[in-house]
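Encoded as structure tokens, the structure appears first; notes follow it.
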Amino acid sequence: MQKNLKVGIIVADVDEYRPLADFIEKGEFKPFKMLLQSGHSFLVAGKKNNAEVISAVCGIGKVNAAVAAMKLIDEGCSIILNYGLSGGISGVRRGDICVPERYLEHDFDLTGIGYKPCEKPAQDRYIYGCDKRITDIFSSIIPNIKGGTAVSGDHFVCNCDERSFLLETFGANLCDMETAAIAYVCYASGTPFAALRRISDDAGDDAAESYRDMNTDGDISLFKAVLDCIRIIADSEEF
């Protein structure tokens with residue numbers, strides 16, 4: 001029996017999204033609009049089942065990412081995936097591909113009134129997980145994939161002192177500006193989530209140049225892996 005599966009893909013940056021858009025626009029698709037954000041609606045075919053996919057380029061930052069996640073869930077997406085570039089903090093090198101197991105907001109700070117870094121009052125959890133079924137699929141697709149802790153904040157980390165702080169305070173392996181916000185929305189709504197991140201820089205003093213070089217190189221490995229993952233999900237009886 002054909003499953004009625006709908007999957008959302010969130011990508012922050014136009015340059016990161018462009019290779020996926022070029023691929024989609026070679027086939028059949030419908031434009032997708034939400035507020036100031038845009039994307040595509042299209043089908044991904046597995047061996048037995050198809051998945052309807054809505055992909056959105058949401059814009060950079062946690063608010064944009066959270067809005068996109070909530071909108072895609074409201075549109076009926078029962079799984080949310082994300083891909084993009086991240087700064088490397090520890091245990092990773094430039095070019096590595098990671099599927100983090102933990103996500104937190106490193107710039108949420110109420111330590112001045114007695115809370116731990118990133119701790120949120122009246123909230124039972126402030127470190128969010130991912131769906132192990134999805135991370136296992138990514139691990140089966142990508143050799144030598146890395147895991148770890150992803151920390152997100154609304155600024156670009158390009159400072160060796162801040163990199164050390166993120167490692168010492170949170171045990172961070174990589175940093176970005178969106179994934180923890182998506183992970184929170186998915187946690188709060190009970191929606192399976194995973195992110196696939198490629199390390200573009202070392203989050204140090206020369207991070208900006210390294211990031212720009214990789215951000216515009218047209219790499220297709222991330223979105224190809226995401227589409228392969230969706231094909232497997234479409235045929236799986238676990239989803």
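Starting from 1 in every chain, residues are counted up; chains themselves are A, B, ... following the order of the structure tokens, and ligands are numbered from 1 as listed.
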**Request:** Within segment 95-210 of chain A, find each residue whose DSSP state, derived from the backbone, is helix (DSSP H, G or I), and express the selection as a VMD selection string.
**Result:** chain A and resid 111 to 113 132 to 141 160 to 170 179 to 189 207 to 210
With only C-alpha atoms counted and 8 Å as the cut-off, give the residues of segment 49-138 of chain A in contact with segment 186-207 of chain A, each with its shortest interatomic distance in Å and the pair that gives it, as a tab-separated table.
```
residue	atom	partner	partner_atom	distance
A:Ala69	CA	A:Cys186	CA	7.4
A:Ile73	CA	A:Thr191	CA	7.9
A:Ser78	CA	A:Thr191	CA	6.0
A:Ile79	CA	A:Pro192	CA	5.1
A:Ile80	CA	A:Phe193	CA	4.9
A:Leu81	CA	A:Ala194	CA	5.3
A:Asn82	CA	A:Ala195	CA	4.5
A:Tyr83	CA	A:Leu196	CA	4.6
A:Gly84	CA	A:Arg197	CA	5.1
A:Leu85	CA	A:Arg198	CA	4.8
A:Ser86	CA	A:Ile199	CA	4.9
A:Gly87	CA	A:Ala203	CA	4.9
A:Gly88	CA	A:Asp202	CA	4.6
A:Ile89	CA	A:Asp202	CA	6.2
A:Val92	CA	A:Ile199	CA	7.4
A:Arg93	CA	A:Ile199	CA	6.6
A:Arg94	CA	A:Ile199	CA	4.9
A:Gly95	CA	A:Ile199	CA	5.2
A:Asp96	CA	A:Ile199	CA	5.4
A:Ile97	CA	A:Arg198	CA	4.4
A:Cys98	CA	A:Arg197	CA	5.1
A:Val99	CA	A:Leu196	CA	4.9
A:Pro100	CA	A:Ala195	CA	6.9
A:Tyr128	CA	A:Tyr187	CA	6.8
A:Gly129	CA	A:Tyr187	CA	7.7
A:Cys130	CA	A:Ala194	CA	5.2
A:Asp131	CA	A:Pro192	CA	5.4
A:Ile134	CA	A:Ala194	CA	6.5
A:Thr135	CA	A:Ala194	CA	6.6
```
**Asked** Running DSSP on the backbone, which parts of segment 98-162 of chain A land in strand (DSSP E), as JSON, numbers by chain?
**Response** {"A": [98, 102, 103, 104, 105, 149, 150, 151, 152]}
Writer output for current selection, N, CA, C and O atoms, as a CSV table (one decimal), in the first residue's frame:
```
chain,number,residue,atom,x,y,z
A,98,CYS,N,28.8,15.6,9.1
A,98,CYS,CA,28.4,15.3,10.4
A,98,CYS,C,26.9,15.2,10.5
A,98,CYS,O,26.2,15.9,9.8
A,102,ARG,N,23.0,15.9,19.3
A,102,ARG,CA,22.5,16.9,20.3
A,102,ARG,C,22.6,18.3,19.7
A,102,ARG,O,23.6,18.6,18.9
A,103,TYR,N,21.7,19.1,20.1
A,103,TYR,CA,21.6,20.5,19.6
A,103,TYR,C,21.2,21.4,20.8
A,103,TYR,O,20.3,21.1,21.6
A,104,LEU,N,21.9,22.6,20.9
A,104,LEU,CA,21.5,23.5,21.9
A,104,LEU,C,21.8,24.9,21.4
A,104,LEU,O,22.6,25.1,20.5
A,105,GLU,N,21.2,25.9,22.0
A,105,GLU,CA,21.4,27.3,21.7
A,105,GLU,C,22.5,27.9,22.6
A,105,GLU,O,22.2,28.3,23.7
A,149,THR,N,27.9,17.1,19.1
A,149,THR,CA,27.0,18.2,19.6
A,149,THR,C,27.1,19.4,18.7
A,149,THR,O,28.2,19.9,18.5
A,150,ALA,N,26.0,19.9,18.2
A,150,ALA,CA,25.9,21.1,17.4
A,150,ALA,C,25.4,22.2,18.3
A,150,ALA,O,24.3,22.1,19.0
A,151,VAL,N,26.0,23.4,18.3
A,151,VAL,CA,25.5,24.5,19.0
A,151,VAL,C,25.2,25.6,18.0
A,151,VAL,O,25.9,25.8,17.0
A,152,SER,N,24.1,26.3,18.3
A,152,SER,CA,23.6,27.3,17.4
A,152,SER,C,23.4,28.7,18.1
A,152,SER,O,23.1,28.7,19.2
```
**Request:** Go ahead and compute the interatomic distance for atom CA of Phe239 of chain A and atom CA of Leu43 of chain A, in Å to one decimal.
**Result:** 16.9 Å
